[in-house]
Each structure stands twice: as C-alpha cells, then as structure tokens.
$ cat structure-v1.tsv   # TSV, C-alpha atoms
chain	number	residue	atom	x	y	z
O	1	MET	CA	-71.48	41.46	15.47
O	2	TYR	CA	-68.95	41.20	12.71
O	3	ILE	CA	-65.28	41.80	12.08
O	4	LYS	CA	-64.16	43.88	9.16
O	5	PHE	CA	-60.79	42.90	7.59
O	6	CYS	CA	-58.76	45.79	6.33
O	7	ASN	CA	-55.96	45.64	3.74
O	8	PHE	CA	-53.09	48.07	3.96
O	9	GLY	CA	-50.11	49.07	1.83
O	10	ASN	CA	-49.11	48.52	-1.80
O	11	TYR	CA	-50.23	44.93	-1.74
O	12	ALA	CA	-53.73	45.97	-0.96
O	13	GLU	CA	-53.76	48.43	-3.83
O	14	GLU	CA	-52.37	45.91	-6.32
O	15	LYS	CA	-54.88	43.33	-5.18
O	16	LYS	CA	-57.60	45.82	-5.49
O	17	LEU	CA	-56.63	46.74	-8.98
O	18	GLY	CA	-55.91	43.14	-9.96
O	19	GLU	CA	-52.36	44.04	-10.95
O	20	PHE	CA	-50.35	41.78	-8.57
O	21	LYS	CA	-47.71	39.80	-10.59
O	22	ALA	CA	-45.27	37.01	-9.61
O	23	PRO	CA	-41.60	37.95	-9.84
O	24	SER	CA	-39.84	37.01	-13.10
O	25	SER	CA	-37.22	34.20	-13.08
O	26	ARG	CA	-35.03	35.95	-15.65
O	27	PRO	CA	-33.23	39.25	-14.96
O	28	SER	CA	-34.83	42.24	-16.60
O	29	ASP	CA	-31.81	44.47	-16.30
O	30	PRO	CA	-29.42	44.23	-19.37
O	31	SER	CA	-26.32	43.95	-17.16
O	32	ASP	CA	-27.92	41.13	-15.16
O	33	LEU	CA	-28.82	39.35	-18.38
O	34	THR	CA	-25.18	39.54	-19.55
O	35	ARG	CA	-23.93	38.05	-16.29
O	36	PHE	CA	-26.55	35.32	-16.53
O	37	ARG	CA	-25.36	34.34	-20.01
O	38	LEU	CA	-21.70	34.37	-18.85
O	39	PHE	CA	-22.57	32.09	-15.92
O	40	ARG	CA	-24.23	29.60	-18.27
O	41	ALA	CA	-21.20	29.63	-20.59
O	42	VAL	CA	-18.75	29.01	-17.71
O	43	THR	CA	-20.95	26.18	-16.41
O	44	ALA	CA	-20.95	24.53	-19.84
O	45	VAL	CA	-17.13	24.77	-20.13
O	46	LEU	CA	-16.61	23.26	-16.66
O	47	SER	CA	-18.97	20.41	-17.51
O	48	VAL	CA	-16.91	19.59	-20.62
O	49	VAL	CA	-13.65	19.68	-18.60
O	50	CYS	CA	-15.11	17.32	-15.99
O	51	LEU	CA	-16.21	14.92	-18.73
O	52	ILE	CA	-12.70	14.91	-20.26
O	53	LEU	CA	-11.10	14.23	-16.85
O	54	LEU	CA	-13.50	11.33	-16.28
O	55	VAL	CA	-12.52	9.78	-19.63
O	56	VAL	CA	-8.80	10.16	-18.79
O	57	ILE	CA	-9.26	8.49	-15.37
O	58	ILE	CA	-11.10	5.54	-16.92
O	59	ALA	CA	-8.35	5.11	-19.54
O	60	LEU	CA	-5.59	5.18	-16.89
O	61	ALA	CA	-7.44	2.65	-14.75
O	62	ALA	CA	-7.74	0.28	-17.70
O	63	LYS	CA	-4.02	0.67	-18.47
O	64	LEU	CA	-3.00	-0.10	-14.87
O	65	GLN	CA	-4.98	-3.33	-14.93
O	66	THR	CA	-3.01	-4.59	-17.93
O	67	GLN	CA	0.51	-3.55	-16.83
O	68	PRO	CA	3.28	-6.23	-16.65
O	69	VAL	CA	3.69	-8.18	-13.42
O	70	CYS	CA	7.24	-6.80	-13.11
O	71	SER	CA	6.24	-3.15	-13.32
O	72	GLU	CA	8.61	-0.27	-12.65
O	73	GLN	CA	6.47	0.76	-9.68
O	74	ASP	CA	6.75	-2.70	-8.14
O	75	ARG	CA	10.49	-2.70	-8.72
O	76	LEU	CA	10.96	0.58	-6.88
O	77	LYS	CA	8.84	-0.61	-3.97
O	78	GLU	CA	10.60	-4.01	-3.96
O	79	LYS	CA	7.29	-5.86	-4.00
O	80	ILE	CA	7.94	-8.22	-6.89
O	81	ASP	CA	6.32	-11.55	-6.11
O	82	ALA	CA	8.71	-14.38	-6.93
O	83	SER	CA	5.83	-16.67	-7.83
O	84	LEU	CA	4.58	-14.23	-10.50
O	85	CYS	CA	7.83	-13.13	-12.08
O	86	SER	CA	10.34	-14.91	-14.28
O	87	VAL	CA	13.86	-13.85	-15.26
O	88	GLU	CA	12.78	-13.48	-18.89
O	89	GLN	CA	9.95	-11.13	-17.92
O	90	CYS	CA	12.27	-8.95	-15.86
O	91	MET	CA	14.81	-8.76	-18.69
O	92	SER	CA	12.09	-7.73	-21.15
O	93	VAL	CA	10.71	-5.02	-18.85
O	94	PHE	CA	13.92	-3.38	-17.60
O	95	PRO	CA	16.90	-2.04	-19.62
O	96	PRO	CA	20.30	-3.63	-18.84
O	97	LYS	CA	21.25	-0.84	-16.41
O	98	GLN	CA	17.95	-1.00	-14.57
O	99	ARG	CA	17.33	-4.73	-14.32
O	100	VAL	CA	16.26	-6.17	-11.02
O	101	PRO	CA	18.90	-8.39	-9.40
O	102	THR	CA	18.18	-12.06	-9.96
O	103	SER	CA	17.49	-12.50	-6.25
O	104	LYS	CA	14.55	-10.10	-6.64
O	105	CYS	CA	13.03	-12.17	-9.40
O	106	LEU	CA	13.34	-15.79	-8.33
O	107	THR	CA	12.33	-18.79	-10.38
O	108	CYS	CA	12.09	-21.19	-7.42
O	109	GLY	CA	8.64	-20.13	-6.31
O	110	LYS	CA	7.15	-18.77	-3.13
O	111	GLY	CA	8.55	-20.28	0.05
O	112	TRP	CA	11.67	-21.69	-1.62
O	113	ILE	CA	15.27	-20.55	-0.96
O	114	GLU	CA	17.59	-20.12	-3.94
O	115	PHE	CA	21.23	-21.19	-3.81
O	116	GLU	CA	23.34	-21.43	-6.97
O	117	SER	CA	21.36	-23.67	-9.33
O	118	PHE	CA	19.28	-25.24	-6.55
O	119	CYS	CA	16.08	-24.39	-4.72
O	120	PHE	CA	15.46	-25.54	-1.16
O	121	PHE	CA	12.27	-25.66	0.89
O	122	LEU	CA	12.40	-25.95	4.68
O	123	SER	CA	9.10	-27.31	5.94
O	124	ARG	CA	7.09	-26.00	8.87
O	125	GLU	CA	5.18	-29.24	9.27
O	126	ARG	CA	6.35	-32.60	10.62
O	127	HIS	CA	5.87	-35.85	8.69
O	128	THR	CA	7.37	-39.31	8.47
O	129	TRP	CA	10.24	-39.82	6.04
O	130	SER	CA	7.99	-41.30	3.33
O	131	GLU	CA	5.31	-38.64	3.80
O	132	SER	CA	7.96	-35.95	3.63
O	133	ARG	CA	9.21	-37.27	0.34
O	134	VAL	CA	5.67	-37.25	-1.09
O	135	GLU	CA	5.25	-33.64	0.06
O	136	CYS	CA	8.47	-32.67	-1.71
O	137	GLN	CA	7.44	-34.46	-4.90
O	138	ASN	CA	4.10	-32.66	-4.83
O	139	ARG	CA	6.05	-29.41	-4.77
O	140	GLY	CA	8.04	-30.40	-7.84
O	141	GLY	CA	11.18	-31.65	-6.08
O	142	ASP	CA	12.38	-34.39	-3.72
O	143	LEU	CA	14.07	-34.69	-0.34
O	144	ALA	CA	17.39	-32.82	-0.30
O	145	VAL	CA	20.61	-34.48	-1.46
O	146	LEU	CA	23.30	-32.96	0.77
O	147	ASP	CA	26.41	-34.35	-0.89
O	148	GLN	CA	28.22	-31.00	-1.35
O	149	ASP	CA	29.94	-29.06	1.41
O	150	ARG	CA	28.91	-25.64	0.08
O	151	VAL	CA	25.25	-26.70	0.13
O	152	LYS	CA	25.56	-27.95	3.73
O	153	ASN	CA	27.28	-24.71	4.73
O	154	PHE	CA	24.50	-22.67	3.13
O	155	LEU	CA	21.73	-24.63	4.82
O	156	SER	CA	23.47	-24.35	8.18
O	157	GLN	CA	22.60	-20.64	8.08
O	158	LYS	CA	18.93	-21.31	7.31
O	159	SER	CA	17.95	-24.43	9.24
O	160	LYS	CA	17.43	-24.52	13.00
O	161	ASP	CA	15.60	-27.81	13.58
O	162	LEU	CA	15.83	-31.53	12.79
O	163	TYR	CA	15.06	-32.24	9.13
O	164	TRP	CA	14.65	-35.40	7.07
O	165	ILE	CA	17.00	-35.48	4.08
O	166	GLY	CA	16.94	-37.69	1.00
O	167	LEU	CA	19.20	-40.44	2.31
O	168	ASN	CA	18.08	-43.89	3.47
O	169	ARG	CA	19.29	-47.44	3.61
O	170	SER	CA	18.13	-49.80	0.90
O	171	PRO	CA	16.91	-53.35	1.71
O	172	SER	CA	20.37	-54.57	0.71
O	173	GLY	CA	21.94	-52.38	3.39
O	174	VAL	CA	23.44	-49.73	1.07
O	175	TRP	CA	23.04	-46.03	1.87
O	176	THR	CA	21.53	-44.36	-1.20
O	177	TRP	CA	20.31	-40.86	-2.04
O	178	VAL	CA	16.81	-40.41	-3.46
O	179	ASP	CA	18.27	-39.47	-6.86
O	180	GLY	CA	19.80	-42.97	-7.08
O	181	SER	CA	23.39	-41.95	-6.37
O	182	ALA	CA	25.47	-43.83	-3.84
O	183	LEU	CA	26.65	-42.19	-0.63
O	184	GLY	CA	30.07	-40.60	-1.03
O	185	LYS	CA	31.41	-38.24	1.60
O	186	SER	CA	29.28	-38.50	4.74
O	187	ASN	CA	28.72	-36.31	7.76
O	188	TRP	CA	27.64	-38.76	10.46
O	189	SER	CA	27.51	-37.52	14.03
O	190	GLU	CA	28.25	-41.12	15.07
O	191	GLN	CA	28.14	-44.51	13.47
O	192	PRO	CA	24.64	-45.06	12.05
O	193	GLY	CA	22.45	-47.39	14.06
O	194	GLN	CA	19.83	-49.88	12.98
O	195	ALA	CA	17.35	-47.24	11.74
O	196	ASP	CA	17.15	-46.72	7.99
O	197	CYS	CA	16.26	-43.02	7.49
O	198	VAL	CA	18.54	-40.03	7.94
O	199	TYR	CA	17.91	-36.59	9.36
O	200	VAL	CA	20.17	-33.57	9.70
O	201	ASP	CA	20.68	-31.54	12.85
O	202	GLY	CA	20.11	-28.01	11.59
O	203	GLU	CA	20.68	-26.50	15.01
O	204	GLY	CA	24.10	-28.00	15.40
O	205	ASP	CA	26.93	-28.71	12.97
O	206	GLN	CA	24.68	-30.14	10.24
O	207	SER	CA	25.70	-33.66	11.21
O	208	TRP	CA	23.58	-36.66	10.25
O	209	SER	CA	21.80	-39.16	12.44
O	210	THR	CA	19.46	-42.07	11.81
O	211	SER	CA	15.95	-42.65	13.08
O	212	LYS	CA	13.01	-44.90	12.36
O	213	CYS	CA	11.36	-43.87	9.10
O	214	SER	CA	8.02	-43.78	10.94
O	215	SER	CA	9.26	-40.95	13.19
O	216	VAL	CA	7.94	-37.49	12.40
O	217	THR	CA	9.99	-34.32	12.01
O	218	PHE	CA	10.55	-31.44	9.59
O	219	TYR	CA	12.05	-32.01	6.15
O	220	ILE	CA	14.10	-30.24	3.45
O	221	CYS	CA	13.02	-30.37	-0.19
O	222	GLN	CA	15.29	-29.68	-3.14
O	223	LYS	CA	14.80	-29.01	-6.83
O	224	ASN	CA	16.68	-27.41	-9.70
O	225	HIS	CA	15.78	-24.06	-11.24

$ encode --input "structure-v1.tsv" --output "structure tokens"
Amino acid sequence: MYIKFCNFGNYAEEKKLGEFKAPSSRPSDPSDLTRFRLFRAVTAVLSVVCLILLVVIIALAAKLQTQPVCSEQDRLKEKIDASLCSVEQCMSVFPPKQRVPTSKCLTCGKGWIEFESFCFFLSRERHTWSESRVECQNRGGDLAVLDQDRVKNFLSQKSKDLYWIGLNRSPSGVWTWVDGSALGKSNWSEQPGQADCVYVDGEGDQSWSTSKCSSVTFYICQKNH
C-alpha cells in the first residue's frame, strides 16, 4: 500500500516547470522605485539633522560646565552659594542695574551672619571657653567682642541660648577682651562673681554673667570681612 502525494495550483505548475522564483527585494514598478529613492533621500537628510543636533547638545553641555559661579540663572533662582561667590565676581558678572544685593553674595562664608563690617558665627555645639576660642580661631576668627550696643542689639535678634563671648579675667584680675582691649562699657546682669569667663544670655536681654571656664555651652565667633 502506498500514498500518492498530489500537487495542486500554480505552485505545482511552477515547481514542475522549474520556474519558481523568490520575490525581488527592490520594486519593479517605476513609481515604486521613485518612492524608494525618495525615502532613502529623506532618511539621509534626517540622519544629518540628528547629527547636527547631537553636536549642538554636546557644545551646550560643555559651556554650562564652565559658566561663572554667579550665573544669571542662579541669580534668578536665588541659589547663589555664599561660600562660592565673592563681591568682585558678582560685580564682574552683572551690570550695575542688575547686580545682586550684597546680602546675596556674602564674603563671610557659609554658616556666618553678616552685620556691617563683621561676621558672626553662632555655634550649635557646646564647648568650654578655651575650646570655644580654638574653634573660632580654626574658622578664621575669635570669640566675639561685644563692646558696641548696635552689635549687641543685632545679636539679640539671632541668639536664643547661652553663649561664651571673648571676655575673661586675666591673672591680674583685669577684665580683658580677646583682642587685647580693656573692658569699657559693660552689660553685667549682676556683679561678676569669682568665675573668670563670661557668657551672654541670648534668650534674655543680652546681659553678661560669669561661669567657670571649664563649663560647656554654645559660643559666638566673630571676624571681619
């Protein structure tokens, strides 16, 4: 017993005659050929445009990386970092009518408060009087010399704790500021006791009190611009 396979249709005839051909990848019709060439031309043009855009993006990225620290964009967004910007840089970047106010471009440094020609730093850590002075010196200043009423009035709006200031009693019993100047007008809350180091009550009326220099509390640093 056997099975006979039968072929039907055009395929069978072409196979029989050996004339079966794979379809061509290129259009044979003239109109199709024209459209094919147009498609290739448009593809080439779009590829060139994409390449040009890529070059422009790379150039803009390189320019943004080298822009001044006091850029116009930063000025508008008010994100100028005081530790990165100097007054001279701001003046060179902005015209006179567009300059950033000096308060936006501080020279004191990050964490410092500017007042007139002074810079003040209110600590968030507690130390002894001597340790506090070392911390201030490491920051480029010294413990604050509060011998001016306008400075005390300014700090009264900023300070809310007990802070060491740069006033202590010398071995000879004389009250002296850390800059070497003698005590003039004072602001004692009461007559100073036997302790030799002075702190200010930032939460009250900015009055002074004495405590042992080995006590620990916050401190106020001061430096000039």

$ atom_distance --input "structure-v1.tsv" --atom1 "atom CA of O:Val216" --atom2 "atom CA of O:Arg126"
5.4 Å

$ atom_distance --input "structure-v1.tsv" --atom1 "atom CA of O:Ser123" --atom2 "atom CA of O:Tyr219"
5.6 Å

$ residues_around --input "structure-v1.tsv" --residues "stretch 139-141 of chain O" --least-positions-apart "5" --cutoff "12 Å" --atoms "all atoms listed in the file" --output "PyMOL selection string"
chain O and resi 108-112+118-123+132-134+166+178-179+220-225

$ residues_around --input "structure-v1.tsv" --residues "stretch 173-176 of chain O" --least-positions-apart "2" --cutoff "12 Å" --atoms "only C-alpha atoms" --output "PDB file with C-alpha atoms, in the coordinates of the input"
ATOM      1  CA  VAL O 145      20.610 -34.480  -1.460  1.00  0.00           C
ATOM      2  CA  LEU O 146      23.300 -32.960   0.770  1.00  0.00           C
ATOM      3  CA  ASP O 147      26.410 -34.350  -0.890  1.00  0.00           C
ATOM      4  CA  ILE O 165      17.000 -35.480   4.080  1.00  0.00           C
ATOM      5  CA  GLY O 166      16.940 -37.690   1.000  1.00  0.00           C
ATOM      6  CA  LEU O 167      19.200 -40.440   2.310  1.00  0.00           C
ATOM      7  CA  ASN O 168      18.080 -43.890   3.470  1.00  0.00           C
ATOM      8  CA  ARG O 169      19.290 -47.440   3.610  1.00  0.00           C
ATOM      9  CA  SER O 170      18.130 -49.800   0.900  1.00  0.00           C
ATOM     10  CA  PRO O 171      16.910 -53.350   1.710  1.00  0.00           C
ATOM     11  CA  VAL O 178      16.810 -40.410  -3.460  1.00  0.00           C
ATOM     12  CA  ASP O 179      18.270 -39.470  -6.860  1.00  0.00           C
ATOM     13  CA  GLY O 180      19.800 -42.970  -7.080  1.00  0.00           C
ATOM     14  CA  SER O 181      23.390 -41.950  -6.370  1.00  0.00           C
ATOM     15  CA  ALA O 182      25.470 -43.830  -3.840  1.00  0.00           C
ATOM     16  CA  LEU O 183      26.650 -42.190  -0.630  1.00  0.00           C
ATOM     17  CA  GLY O 184      30.070 -40.600  -1.030  1.00  0.00           C
ATOM     18  CA  LYS O 185      31.410 -38.240   1.600  1.00  0.00           C
ATOM     19  CA  SER O 186      29.280 -38.500   4.740  1.00  0.00           C
ATOM     20  CA  PRO O 192      24.640 -45.060  12.050  1.00  0.00           C
ATOM     21  CA  GLY O 193      22.450 -47.390  14.060  1.00  0.00           C
ATOM     22  CA  GLN O 194      19.830 -49.880  12.980  1.00  0.00           C
ATOM     23  CA  ALA O 195      17.350 -47.240  11.740  1.00  0.00           C
ATOM     24  CA  ASP O 196      17.150 -46.720   7.990  1.00  0.00           C
ATOM     25  CA  CYS O 197      16.260 -43.020   7.490  1.00  0.00           C
ATOM     26  CA  VAL O 198      18.540 -40.030   7.940  1.00  0.00           C
ATOM     27  CA  THR O 210      19.460 -42.070  11.810  1.00  0.00           C
TER      28      THR O 210
END

$ atom_distance --input "structure-v1.tsv" --atom1 "atom CA of O:Ser209" --atom2 "atom CA of O:Lys158"
18.8 Å

$ closest_residue --input "structure-v1.tsv" --among "O:Trp208, O:Trp177, O:Trp164, O:Phe39" --to "O:His127" --atoms "all atoms listed in the file"
O:Trp164

$ decode --input "structure-v1.tsv" --residues "stretch 46-58 of chain O" --atoms "all heavy atoms" --output "compact mmCIF listing (two decimals), in the first residue's frame"
# COMPACT_ATOMS: atom_id res chain seq x y z
N LEU O 46 17.41 63.35 7.45
CA LEU O 46 17.10 63.27 8.87
C LEU O 46 18.29 62.82 9.69
O LEU O 46 18.50 63.27 10.82
CB LEU O 46 15.92 62.32 9.10
CG LEU O 46 14.56 62.80 8.58
CD1 LEU O 46 13.50 61.72 8.79
CD2 LEU O 46 14.14 64.08 9.28
N SER O 47 19.10 61.93 9.12
CA SER O 47 20.30 61.48 9.83
C SER O 47 21.28 62.63 10.03
O SER O 47 21.89 62.78 11.09
CB SER O 47 20.97 60.35 9.05
OG SER O 47 20.10 59.23 8.93
N VAL O 48 21.43 63.47 8.99
CA VAL O 48 22.32 64.63 9.11
C VAL O 48 21.81 65.62 10.15
O VAL O 48 22.57 66.15 10.97
CB VAL O 48 22.47 65.33 7.73
CG1 VAL O 48 23.25 66.63 7.87
CG2 VAL O 48 23.17 64.40 6.74
N VAL O 49 20.47 65.86 10.18
CA VAL O 49 19.89 66.78 11.16
C VAL O 49 20.12 66.27 12.59
O VAL O 49 20.48 67.02 13.49
CB VAL O 49 18.39 66.97 10.89
CG1 VAL O 49 17.72 67.74 12.02
CG2 VAL O 49 18.17 67.69 9.56
N CYS O 50 19.92 64.96 12.79
CA CYS O 50 20.15 64.39 14.12
C CYS O 50 21.60 64.54 14.54
O CYS O 50 21.90 64.82 15.71
CB CYS O 50 19.75 62.91 14.12
SG CYS O 50 17.97 62.64 13.98
N LEU O 51 22.53 64.38 13.62
CA LEU O 51 23.94 64.52 13.93
C LEU O 51 24.27 65.95 14.33
O LEU O 51 25.01 66.20 15.28
CB LEU O 51 24.78 64.09 12.72
CG LEU O 51 26.30 64.15 12.89
CD1 LEU O 51 26.75 63.23 14.03
CD2 LEU O 51 27.01 63.77 11.60
N ILE O 52 23.68 66.93 13.62
CA ILE O 52 23.91 68.34 13.96
C ILE O 52 23.36 68.66 15.34
O ILE O 52 24.00 69.34 16.15
CB ILE O 52 23.26 69.25 12.89
CG1 ILE O 52 23.98 69.07 11.53
CG2 ILE O 52 23.31 70.72 13.32
CD1 ILE O 52 23.33 69.83 10.40
N LEU O 53 22.16 68.17 15.65
CA LEU O 53 21.57 68.40 16.98
C LEU O 53 22.43 67.80 18.08
O LEU O 53 22.59 68.39 19.15
CB LEU O 53 20.16 67.81 17.02
CG LEU O 53 19.09 68.55 16.21
CD1 LEU O 53 17.77 67.79 16.27
CD2 LEU O 53 18.91 69.97 16.70
N LEU O 54 23.00 66.63 17.83
CA LEU O 54 23.85 65.99 18.83
C LEU O 54 25.09 66.84 19.10
O LEU O 54 25.50 67.02 20.25
CB LEU O 54 24.26 64.60 18.34
CG LEU O 54 25.18 63.80 19.27
CD1 LEU O 54 24.50 63.57 20.61
CD2 LEU O 54 25.57 62.48 18.63
N VAL O 55 25.68 67.40 18.04
CA VAL O 55 26.86 68.26 18.21
C VAL O 55 26.50 69.51 19.00
O VAL O 55 27.25 69.94 19.89
CB VAL O 55 27.44 68.63 16.83
CG1 VAL O 55 28.54 69.68 16.98
CG2 VAL O 55 27.98 67.40 16.13
N VAL O 56 25.33 70.11 18.73
CA VAL O 56 24.90 71.31 19.45
C VAL O 56 24.68 71.01 20.93
O VAL O 56 25.09 71.78 21.81
CB VAL O 56 23.60 71.87 18.82
CG1 VAL O 56 23.02 72.99 19.69
CG2 VAL O 56 23.88 72.39 17.42
N ILE O 57 24.07 69.88 21.25
CA ILE O 57 23.83 69.50 22.65
C ILE O 57 25.13 69.31 23.40
O ILE O 57 25.30 69.75 24.53
CB ILE O 57 22.98 68.21 22.71
CG1 ILE O 57 21.56 68.50 22.21
CG2 ILE O 57 22.94 67.65 24.12
CD1 ILE O 57 20.70 67.27 22.06
N ILE O 58 26.11 68.66 22.77
CA ILE O 58 27.42 68.46 23.41
C ILE O 58 28.10 69.80 23.67
O ILE O 58 28.69 70.02 24.73
CB ILE O 58 28.30 67.55 22.53
CG1 ILE O 58 27.69 66.13 22.47
CG2 ILE O 58 29.72 67.50 23.06
CD1 ILE O 58 28.42 65.20 21.53
